[in-house]
$ cat coords29.txt   # compact mmCIF, C-alpha atoms
# COMPACT_ATOMS: atom_id res chain seq x y z
CA MET A 850 81.04 32.58 122.36
CA TYR A 851 79.71 36.12 122.77
CA TYR A 852 76.52 35.04 124.50
CA SER A 853 78.33 32.63 126.83
CA TYR A 854 80.32 35.35 128.66
CA SER A 855 79.51 35.62 132.34
CA ALA A 856 79.70 38.85 134.33
CA ALA A 857 83.01 37.70 135.85
CA GLN A 858 84.43 37.03 132.39
CA TRP A 859 83.32 40.43 131.11
CA LEU A 860 84.98 42.03 134.13
CA LEU A 861 88.29 40.35 133.35
CA VAL A 862 87.95 41.36 129.69
CA PHE A 863 87.54 44.95 130.89
CA TYR A 864 90.70 44.82 133.03
CA LEU A 865 92.78 43.16 130.31
CA TYR A 866 91.87 45.85 127.79
CA CYS A 867 92.54 48.55 130.38
CA MET A 868 96.10 47.23 130.63
CA LEU A 869 96.55 46.64 126.91
CA GLY A 870 95.38 50.19 126.25
CA TRP A 871 97.83 51.55 128.79
CA CYS A 872 100.70 49.57 127.24
CA PHE A 873 99.81 50.76 123.75
CA GLU A 874 99.33 54.45 124.54
CA SER A 875 102.25 54.73 126.97
CA THR A 876 104.55 53.07 124.44
CA VAL A 877 103.49 55.35 121.59
CA VAL A 878 103.81 58.52 123.68
CA SER A 879 107.09 57.41 125.30
CA VAL A 880 108.64 56.72 121.90
CA GLY A 881 107.40 60.08 120.60
CA GLN A 882 108.75 62.02 123.59
CA ARG A 883 111.86 59.83 123.99
CA ARG A 884 111.21 59.34 127.69
CA LEU A 885 109.06 57.07 129.84
CA VAL A 886 105.53 58.46 130.10
CA ASN A 887 102.77 57.01 132.27
CA ARG A 888 99.68 57.80 130.26
CA GLY A 889 96.21 57.99 131.63
CA PHE A 890 94.13 59.20 134.50
CA LEU A 891 95.14 56.49 136.96
CA ARG A 892 98.53 55.99 138.59
CA GLY A 893 98.75 52.29 137.78
CA PRO A 894 99.06 50.54 134.38
CA MET A 895 95.41 50.84 133.42
CA LEU A 896 93.47 53.14 131.12
CA PRO A 897 89.75 52.63 131.91
CA ILE A 898 88.62 54.38 128.72
CA TYR A 899 90.16 51.51 126.72
CA GLY A 900 88.49 48.92 128.94
CA PHE A 901 85.06 50.52 128.66
CA GLY A 902 85.59 51.24 124.97
CA ALA A 903 86.59 47.64 124.24
CA VAL A 904 83.61 46.22 126.12
CA ILE A 905 81.24 48.58 124.29
CA LEU A 906 82.81 47.77 120.91
CA LEU A 907 82.66 44.04 121.60
CA HIS A 908 78.99 44.21 122.56
CA VAL A 909 78.30 46.06 119.31
CA SER A 910 80.67 44.24 116.97
CA LEU A 911 80.61 40.57 117.96
CA PRO A 912 76.96 40.01 116.91
CA LEU A 913 77.90 41.62 113.53
CA LYS A 914 81.07 39.60 113.00
CA GLN A 915 79.75 38.11 109.76
CA HIS A 916 78.77 41.54 108.39
CA PRO A 917 81.95 43.67 108.14
CA VAL A 918 80.30 46.81 106.72
CA TRP A 919 77.69 46.97 109.46
CA LEU A 920 80.32 46.07 112.02
CA TYR A 921 82.47 49.00 110.87
CA LEU A 922 79.59 51.50 110.97
CA ALA A 923 78.28 50.30 114.32
CA SER A 924 81.75 50.43 115.89
CA MET A 925 82.38 53.91 114.51
CA ILE A 926 79.11 55.31 115.84
CA ALA A 927 79.24 53.60 119.24
CA ALA A 928 82.85 54.57 119.95
CA THR A 929 82.35 58.16 118.79
CA VAL A 930 79.35 58.63 121.07
CA PHE A 931 81.31 57.08 123.94
CA GLU A 932 84.34 59.31 123.30
CA TYR A 933 82.17 62.43 123.25
CA ILE A 934 80.34 61.57 126.48
CA VAL A 935 83.57 60.72 128.33
CA GLY A 936 85.27 63.91 127.12
CA VAL A 937 82.38 66.13 128.22
CA VAL A 938 81.89 64.44 131.59
CA MET A 939 85.59 64.42 132.54
CA GLU A 940 86.01 68.09 131.68
CA LYS A 941 82.89 69.03 133.64
CA ILE A 942 84.02 67.12 136.73
CA PHE A 943 87.80 67.67 136.70
CA LYS A 944 88.01 70.97 134.76
CA VAL A 945 90.67 69.46 132.48
CA LYS A 946 90.39 68.53 128.80
CA TYR A 947 92.19 65.19 128.50
CA TRP A 948 92.25 65.31 124.68
CA ASP A 949 91.52 68.07 122.19
CA TYR A 950 90.69 67.65 118.49
CA SER A 951 89.96 71.36 117.98
CA LYS A 952 92.83 71.66 115.49
CA GLN A 953 91.58 68.73 113.42
CA ARG A 954 89.32 69.13 110.41
CA PHE A 955 85.67 68.11 110.79
CA GLN A 956 85.74 68.13 114.59
CA PHE A 957 83.00 68.90 117.12
CA GLN A 958 83.76 70.88 120.28
CA GLY A 959 87.23 69.35 120.37
CA TYR A 960 85.89 66.07 121.78
CA ILE A 961 85.42 64.12 118.55
CA CYS A 962 86.60 64.40 114.96
CA LEU A 963 86.03 62.60 111.68
CA ARG A 964 89.50 61.06 111.52
CA SER A 965 89.16 59.59 115.00
CA SER A 966 85.69 58.24 114.20
CA LEU A 967 86.93 56.53 111.03
CA CYS A 968 89.75 54.96 113.04
CA TRP A 969 87.25 53.67 115.60
CA GLY A 970 85.45 51.79 112.83
CA PHE A 971 88.64 50.09 111.69
CA LEU A 972 89.50 49.32 115.31
CA GLY A 973 86.19 47.51 115.66
CA LEU A 974 87.11 45.28 112.70
CA ILE A 975 90.63 44.61 114.01
CA LEU A 976 89.42 44.07 117.57
CA THR A 977 86.86 41.46 116.54
CA SER A 978 89.00 39.51 114.09
CA VAL A 979 92.57 39.84 115.41
CA ILE A 980 92.92 41.19 118.95
CA HIS A 981 90.01 39.63 120.81
CA PRO A 982 90.20 35.92 119.82
CA PRO A 983 93.33 35.20 121.97
CA ILE A 984 91.87 37.29 124.81
CA GLU A 985 88.65 35.32 124.56
CA LYS A 986 90.55 32.02 124.60
CA LEU A 987 92.44 33.08 127.72
CA VAL A 988 89.37 34.27 129.61
CA LEU A 989 87.17 31.32 128.72
CA GLY A 990 89.97 28.88 129.55
CA LEU A 991 90.27 29.98 133.18
CA PRO A 992 88.63 27.84 135.89
CA PHE A 993 85.86 29.59 137.80
CA ILE A 994 87.84 29.90 141.06
CA GLY A 995 90.88 31.28 139.25
CA LEU A 996 88.68 33.78 137.39
CA ILE A 997 87.10 35.04 140.61
CA VAL A 998 90.46 35.37 142.39
CA ILE A 999 91.94 37.37 139.49
CA ASP A 1000 88.84 39.60 139.30
CA VAL A 1001 88.98 40.30 143.04
CA LEU A 1002 92.69 41.19 142.94
CA PHE A 1003 92.29 43.42 139.90
CA SER A 1004 89.20 45.05 141.38
CA ALA A 1005 90.93 45.84 144.67
CA ALA A 1006 93.88 47.44 142.86
CA PHE A 1007 91.63 49.28 140.42
CA ILE A 1008 89.22 50.70 143.00
CA SER A 1009 91.99 51.89 145.32
CA ASP A 1010 93.75 53.53 142.36
CA VAL A 1011 90.52 55.24 141.25
CA ILE A 1012 89.93 56.63 144.75
CA VAL A 1013 93.43 58.09 145.00
CA SER A 1014 93.45 59.42 141.43
CA VAL A 1015 89.99 61.00 141.64
CA ARG A 1016 90.93 62.71 144.89
CA SER A 1017 94.08 64.11 143.28
CA ALA A 1018 92.19 65.20 140.17
CA LEU A 1019 89.53 66.97 142.23
CA ASP A 1020 92.26 68.78 144.16
CA LEU A 1021 93.75 69.86 140.83
CA ALA A 1022 90.32 71.01 139.67
CA LYS A 1023 90.01 73.19 142.79
CA VAL A 1024 93.44 74.69 142.10
CA LEU A 1025 92.48 75.44 138.49
CA GLU A 1026 89.21 77.03 139.60
CA GLU A 1027 91.13 79.21 142.07
CA LEU A 1028 93.58 80.25 139.34
CA ASP A 1029 90.66 81.16 137.08
CA ARG A 1030 89.13 83.22 139.87
CA LEU A 1031 92.42 85.01 140.50
CA ARG A 1032 92.82 85.73 136.78
CA GLU A 1033 89.33 87.22 136.69
CA GLN A 1034 90.07 89.35 139.74
CA GLY A 1035 93.34 90.48 138.16
CA ALA A 1036 91.54 91.45 134.96
CA GLU A 1037 88.93 93.39 136.94
CA LEU A 1038 91.66 95.15 138.93
CA ARG A 1039 93.53 96.12 135.75
CA GLN A 1040 90.30 97.45 134.29
CA GLN A 1041 89.63 99.51 137.42
CA LEU A 1042 93.18 100.89 137.41
CA SER A 1043 92.88 101.81 133.75
CA GLU A 1044 89.60 103.59 134.38
CA THR A 1045 91.05 105.43 137.41
CA ALA A 1046 94.11 106.51 135.43
CA LEU A 1047 91.91 107.72 132.58
CA VAL A 1048 89.79 109.78 135.01
CA GLY A 1049 92.95 111.24 136.54
CA LEU A 1050 94.30 112.25 133.16
CA THR A 1051 90.96 113.79 132.25
CA ASN A 1052 90.93 115.87 135.46
CA LEU A 1053 94.51 117.06 134.86
CA SER A 1054 93.67 118.22 131.38
$ encode --input "coords29.txt" --output "structure tokens"
Amino acid sequence: MYYSYSAAQWLLVFYLYCMLGWCFESTVVSVGQRRLVNRGFLRGPMLPIYGFGAVILLHVSLPLKQHPVWLYLASMIAATVFEYIVGVVMEKIFKVKYWDYSKQRFQFQGYICLRSSLCWGFLGLILTSVIHPPIEKLVLGLPFIGLIVIDVLFSAAFISDVIVSVRSALDLAKVLEELDRLREQGAELRQQLSETALVGLTNLS
């Protein structure tokens, strides 16, 4: 089935996992904080990192479905690399760290850690054998026209949400940069005042 996916089918797979990821993460965080929390970068019920992550994992894991050990290792490596790249790029662009593993053992720059990587490997196994089969059945069972209509609707909603969310995030990044600049100016001013006071005390003595 893996090699029979069309571009339109892969696109729908991406959107479905974006929504499933949002449902999972928002539920976990909402239960933990005992209030409704809309997780993610976008305003709507989609988390693109789950969509991209699932598509990457599926490309890596489905050809290895009959080899669980290799599937686990390949999923762990691919997802870890993806998580690191996304973490670095998003912080560079938006000046915000969306997750931080710096307090975890065996972590690297706060973007990845050993525990997360091990979990990615298990997720690859679960995704291939448990989660994806019903998703695959749904996607492959849709008629071509229905598939295209759903893709177009999801794409319109997704693109408009990305535009609005990126604009808001860039505005926030500008605010954070301005706050950093003001903090630096404040530190310089305090240093100058301290030096001036020290000179004044020296002259008085």
$ residues_around --input "coords29.txt" --residues "Lys986 of chain A" --least-positions-apart "2" --cutoff "12 Å" --atoms "all atoms listed in the file" --output "number ranges by chain"
A: 850-851, 854, 858, 862, 980-984, 988-991
$ write_last_selection --input "coords29.txt" --atoms "C-alpha atoms" --output "mmCIF file, keeping the file's coordinate frame"
data_model
loop_
_atom_site.group_PDB
_atom_site.id
_atom_site.type_symbol
_atom_site.label_atom_id
_atom_site.label_comp_id
_atom_site.auth_asym_id
_atom_site.auth_seq_id
_atom_site.Cartn_x
_atom_site.Cartn_y
_atom_site.Cartn_z
ATOM 1 C CA MET A 850 81.040 32.580 122.360
ATOM 2 C CA TYR A 851 79.710 36.120 122.770
ATOM 3 C CA TYR A 854 80.320 35.350 128.660
ATOM 4 C CA GLN A 858 84.430 37.030 132.390
ATOM 5 C CA VAL A 862 87.950 41.360 129.690
ATOM 6 C CA ILE A 980 92.920 41.190 118.950
ATOM 7 C CA HIS A 981 90.010 39.630 120.810
ATOM 8 C CA PRO A 982 90.200 35.920 119.820
ATOM 9 C CA PRO A 983 93.330 35.200 121.970
ATOM 10 C CA ILE A 984 91.870 37.290 124.810
ATOM 11 C CA VAL A 988 89.370 34.270 129.610
ATOM 12 C CA LEU A 989 87.170 31.320 128.720
ATOM 13 C CA GLY A 990 89.970 28.880 129.550
ATOM 14 C CA LEU A 991 90.270 29.980 133.180
#
$ residues_near_point --input "coords29.txt" --point "(79.5, 45.7, 124.3)" --cutoff "12 Å" --atoms "all atoms listed in the file" --output "list of chain:residue names"
A:Tyr851, A:Tyr852, A:Tyr854, A:Trp859, A:Leu860, A:Val862, A:Phe863, A:Gly900, A:Phe901, A:Gly902, A:Ala903, A:Val904, A:Ile905, A:Leu906, A:Leu907, A:His908, A:Val909, A:Ser910, A:Leu911, A:Pro912, A:Leu913, A:Ala923, A:Ser924, A:Ala927, A:Ala928, A:Phe931, A:Gly973, A:Thr977
$ closest_residue --input "coords29.txt" --among "A:Ile942, A:Phe873, A:Ser1004, A:Arg1016" --to "Tyr899 of chain A" --atoms "all atoms listed in the file"
A:Phe873
$ atom_distance --input "coords29.txt" --atom1 "atom CA of Tyr960 of chain A" --atom2 "atom CA of Val935 of chain A"
8.8 Å
$ atom_distance --input "coords29.txt" --atom1 "atom CA of Asp1010 of chain A" --atom2 "atom CA of Leu861 of chain A"
16.9 Å
$ closest_residue --input "coords29.txt" --among "A:Ile994, A:Ser1017, A:Thr929, A:Leu922" --to "Arg964 of chain A" --atoms "only C-alpha atoms"
A:Thr929
$ atom_distance --input "coords29.txt" --atom1 "atom CA of Ala1006 of chain A" --atom2 "atom CA of Gly936 of chain A"
24.4 Å
$ closest_residue --input "coords29.txt" --among "A:Gly970, A:Asn887, A:Val1015, A:Ser853" --to "Ser875 of chain A" --atoms "all atoms listed in the file"
A:Asn887
$ residues_around --input "coords29.txt" --residues "Met895 of chain A" --least-positions-apart "3" --cutoff "7 Å" --atoms "all atoms listed in the file" --output "PyMOL selection string"
chain A and resi 867-868+871+891
$ build_atoms --input "coords29.txt" --residues "segment 996-1007 of chain A" --atoms "all heavy atoms" --output "PDB file, in the coordinates of the input"
ATOM      1  N   LEU A 996      89.280  32.567 137.950  1.00  0.00           N
ATOM      2  CA  LEU A 996      88.680  33.780 137.390  1.00  0.00           C
ATOM      3  C   LEU A 996      88.246  34.731 138.496  1.00  0.00           C
ATOM      4  O   LEU A 996      88.513  35.943 138.443  1.00  0.00           O
ATOM      5  CB  LEU A 996      87.492  33.396 136.509  1.00  0.00           C
ATOM      6  CG  LEU A 996      86.683  34.539 135.904  1.00  0.00           C
ATOM      7  CD1 LEU A 996      87.525  35.322 134.900  1.00  0.00           C
ATOM      8  CD2 LEU A 996      85.415  33.990 135.225  1.00  0.00           C
ATOM      9  N   ILE A 997      87.590  34.200 139.508  1.00  0.00           N
ATOM     10  CA  ILE A 997      87.100  35.040 140.610  1.00  0.00           C
ATOM     11  C   ILE A 997      88.261  35.653 141.381  1.00  0.00           C
ATOM     12  O   ILE A 997      88.237  36.845 141.724  1.00  0.00           O
ATOM     13  CB  ILE A 997      86.214  34.210 141.573  1.00  0.00           C
ATOM     14  CG1 ILE A 997      84.957  33.724 140.833  1.00  0.00           C
ATOM     15  CG2 ILE A 997      85.829  35.040 142.787  1.00  0.00           C
ATOM     16  CD1 ILE A 997      84.097  34.824 140.265  1.00  0.00           C
ATOM     17  N   VAL A 998      89.296  34.853 141.656  1.00  0.00           N
ATOM     18  CA  VAL A 998      90.460  35.370 142.390  1.00  0.00           C
ATOM     19  C   VAL A 998      91.124  36.512 141.617  1.00  0.00           C
ATOM     20  O   VAL A 998      91.458  37.566 142.182  1.00  0.00           O
ATOM     21  CB  VAL A 998      91.481  34.234 142.655  1.00  0.00           C
ATOM     22  CG1 VAL A 998      92.798  34.816 143.187  1.00  0.00           C
ATOM     23  CG2 VAL A 998      90.909  33.225 143.643  1.00  0.00           C
ATOM     24  N   ILE A 999      91.316  36.332 140.319  1.00  0.00           N
ATOM     25  CA  ILE A 999      91.940  37.370 139.490  1.00  0.00           C
ATOM     26  C   ILE A 999      91.063  38.625 139.460  1.00  0.00           C
ATOM     27  O   ILE A 999      91.568  39.753 139.584  1.00  0.00           O
ATOM     28  CB  ILE A 999      92.174  36.844 138.058  1.00  0.00           C
ATOM     29  CG1 ILE A 999      93.224  35.737 138.089  1.00  0.00           C
ATOM     30  CG2 ILE A 999      92.627  37.974 137.139  1.00  0.00           C
ATOM     31  CD1 ILE A 999      93.395  35.036 136.747  1.00  0.00           C
ATOM     32  N   ASP A1000      89.753  38.449 139.317  1.00  0.00           N
ATOM     33  CA  ASP A1000      88.840  39.600 139.300  1.00  0.00           C
ATOM     34  C   ASP A1000      88.903  40.369 140.616  1.00  0.00           C
ATOM     35  O   ASP A1000      88.907  41.613 140.620  1.00  0.00           O
ATOM     36  CB  ASP A1000      87.398  39.125 139.065  1.00  0.00           C
ATOM     37  CG  ASP A1000      87.091  38.925 137.586  1.00  0.00           C
ATOM     38  OD1 ASP A1000      87.912  39.350 136.753  1.00  0.00           O
ATOM     39  OD2 ASP A1000      86.033  38.339 137.269  1.00  0.00           O
ATOM     40  N   VAL A1001      88.941  39.645 141.730  1.00  0.00           N
ATOM     41  CA  VAL A1001      88.980  40.300 143.040  1.00  0.00           C
ATOM     42  C   VAL A1001      90.278  41.091 143.205  1.00  0.00           C
ATOM     43  O   VAL A1001      90.267  42.244 143.674  1.00  0.00           O
ATOM     44  CB  VAL A1001      88.840  39.253 144.174  1.00  0.00           C
ATOM     45  CG1 VAL A1001      89.159  39.886 145.531  1.00  0.00           C
ATOM     46  CG2 VAL A1001      87.421  38.674 144.185  1.00  0.00           C
ATOM     47  N   LEU A1002      91.397  40.507 142.814  1.00  0.00           N
ATOM     48  CA  LEU A1002      92.690  41.190 142.940  1.00  0.00           C
ATOM     49  C   LEU A1002      92.740  42.442 142.057  1.00  0.00           C
ATOM     50  O   LEU A1002      93.162  43.515 142.491  1.00  0.00           O
ATOM     51  CB  LEU A1002      93.824  40.235 142.582  1.00  0.00           C
ATOM     52  CG  LEU A1002      94.059  39.065 143.540  1.00  0.00           C
ATOM     53  CD1 LEU A1002      95.136  38.141 142.997  1.00  0.00           C
ATOM     54  CD2 LEU A1002      94.448  39.573 144.927  1.00  0.00           C
ATOM     55  N   PHE A1003      92.312  42.271 140.811  1.00  0.00           N
ATOM     56  CA  PHE A1003      92.290  43.420 139.900  1.00  0.00           C
ATOM     57  C   PHE A1003      91.336  44.501 140.405  1.00  0.00           C
ATOM     58  O   PHE A1003      91.642  45.700 140.329  1.00  0.00           O
ATOM     59  CB  PHE A1003      91.878  42.987 138.495  1.00  0.00           C
ATOM     60  CG  PHE A1003      93.010  42.456 137.659  1.00  0.00           C
ATOM     61  CD1 PHE A1003      92.788  41.462 136.722  1.00  0.00           C
ATOM     62  CD2 PHE A1003      94.304  42.946 137.807  1.00  0.00           C
ATOM     63  CE1 PHE A1003      93.824  40.967 135.940  1.00  0.00           C
ATOM     64  CE2 PHE A1003      95.348  42.451 137.032  1.00  0.00           C
ATOM     65  CZ  PHE A1003      95.113  41.465 136.105  1.00  0.00           C
ATOM     66  N   SER A1004      90.185  44.089 140.905  1.00  0.00           N
ATOM     67  CA  SER A1004      89.200  45.050 141.380  1.00  0.00           C
ATOM     68  C   SER A1004      89.711  45.842 142.576  1.00  0.00           C
ATOM     69  O   SER A1004      89.504  47.057 142.662  1.00  0.00           O
ATOM     70  CB  SER A1004      87.888  44.344 141.750  1.00  0.00           C
ATOM     71  OG  SER A1004      87.299  43.740 140.615  1.00  0.00           O
ATOM     72  N   ALA A1005      90.383  45.159 143.491  1.00  0.00           N
ATOM     73  CA  ALA A1005      90.930  45.840 144.670  1.00  0.00           C
ATOM     74  C   ALA A1005      91.964  46.891 144.242  1.00  0.00           C
ATOM     75  O   ALA A1005      91.952  48.035 144.727  1.00  0.00           O
ATOM     76  CB  ALA A1005      91.559  44.829 145.622  1.00  0.00           C
ATOM     77  N   ALA A1006      92.850  46.503 143.343  1.00  0.00           N
ATOM     78  CA  ALA A1006      93.880  47.440 142.860  1.00  0.00           C
ATOM     79  C   ALA A1006      93.244  48.585 142.080  1.00  0.00           C
ATOM     80  O   ALA A1006      93.626  49.756 142.252  1.00  0.00           O
ATOM     81  CB  ALA A1006      94.888  46.704 141.987  1.00  0.00           C
ATOM     82  N   PHE A1007      92.269  48.266 141.256  1.00  0.00           N
ATOM     83  CA  PHE A1007      91.630  49.280 140.420  1.00  0.00           C
ATOM     84  C   PHE A1007      90.848  50.287 141.256  1.00  0.00           C
ATOM     85  O   PHE A1007      90.982  51.509 141.065  1.00  0.00           O
ATOM     86  CB  PHE A1007      90.692  48.588 139.423  1.00  0.00           C
ATOM     87  CG  PHE A1007      89.951  49.521 138.516  1.00  0.00           C
ATOM     88  CD1 PHE A1007      90.594  50.107 137.435  1.00  0.00           C
ATOM     89  CD2 PHE A1007      88.609  49.809 138.729  1.00  0.00           C
ATOM     90  CE1 PHE A1007      89.911  50.974 136.585  1.00  0.00           C
ATOM     91  CE2 PHE A1007      87.922  50.666 137.892  1.00  0.00           C
ATOM     92  CZ  PHE A1007      88.574  51.252 136.820  1.00  0.00           C
TER      93      PHE A1007
END
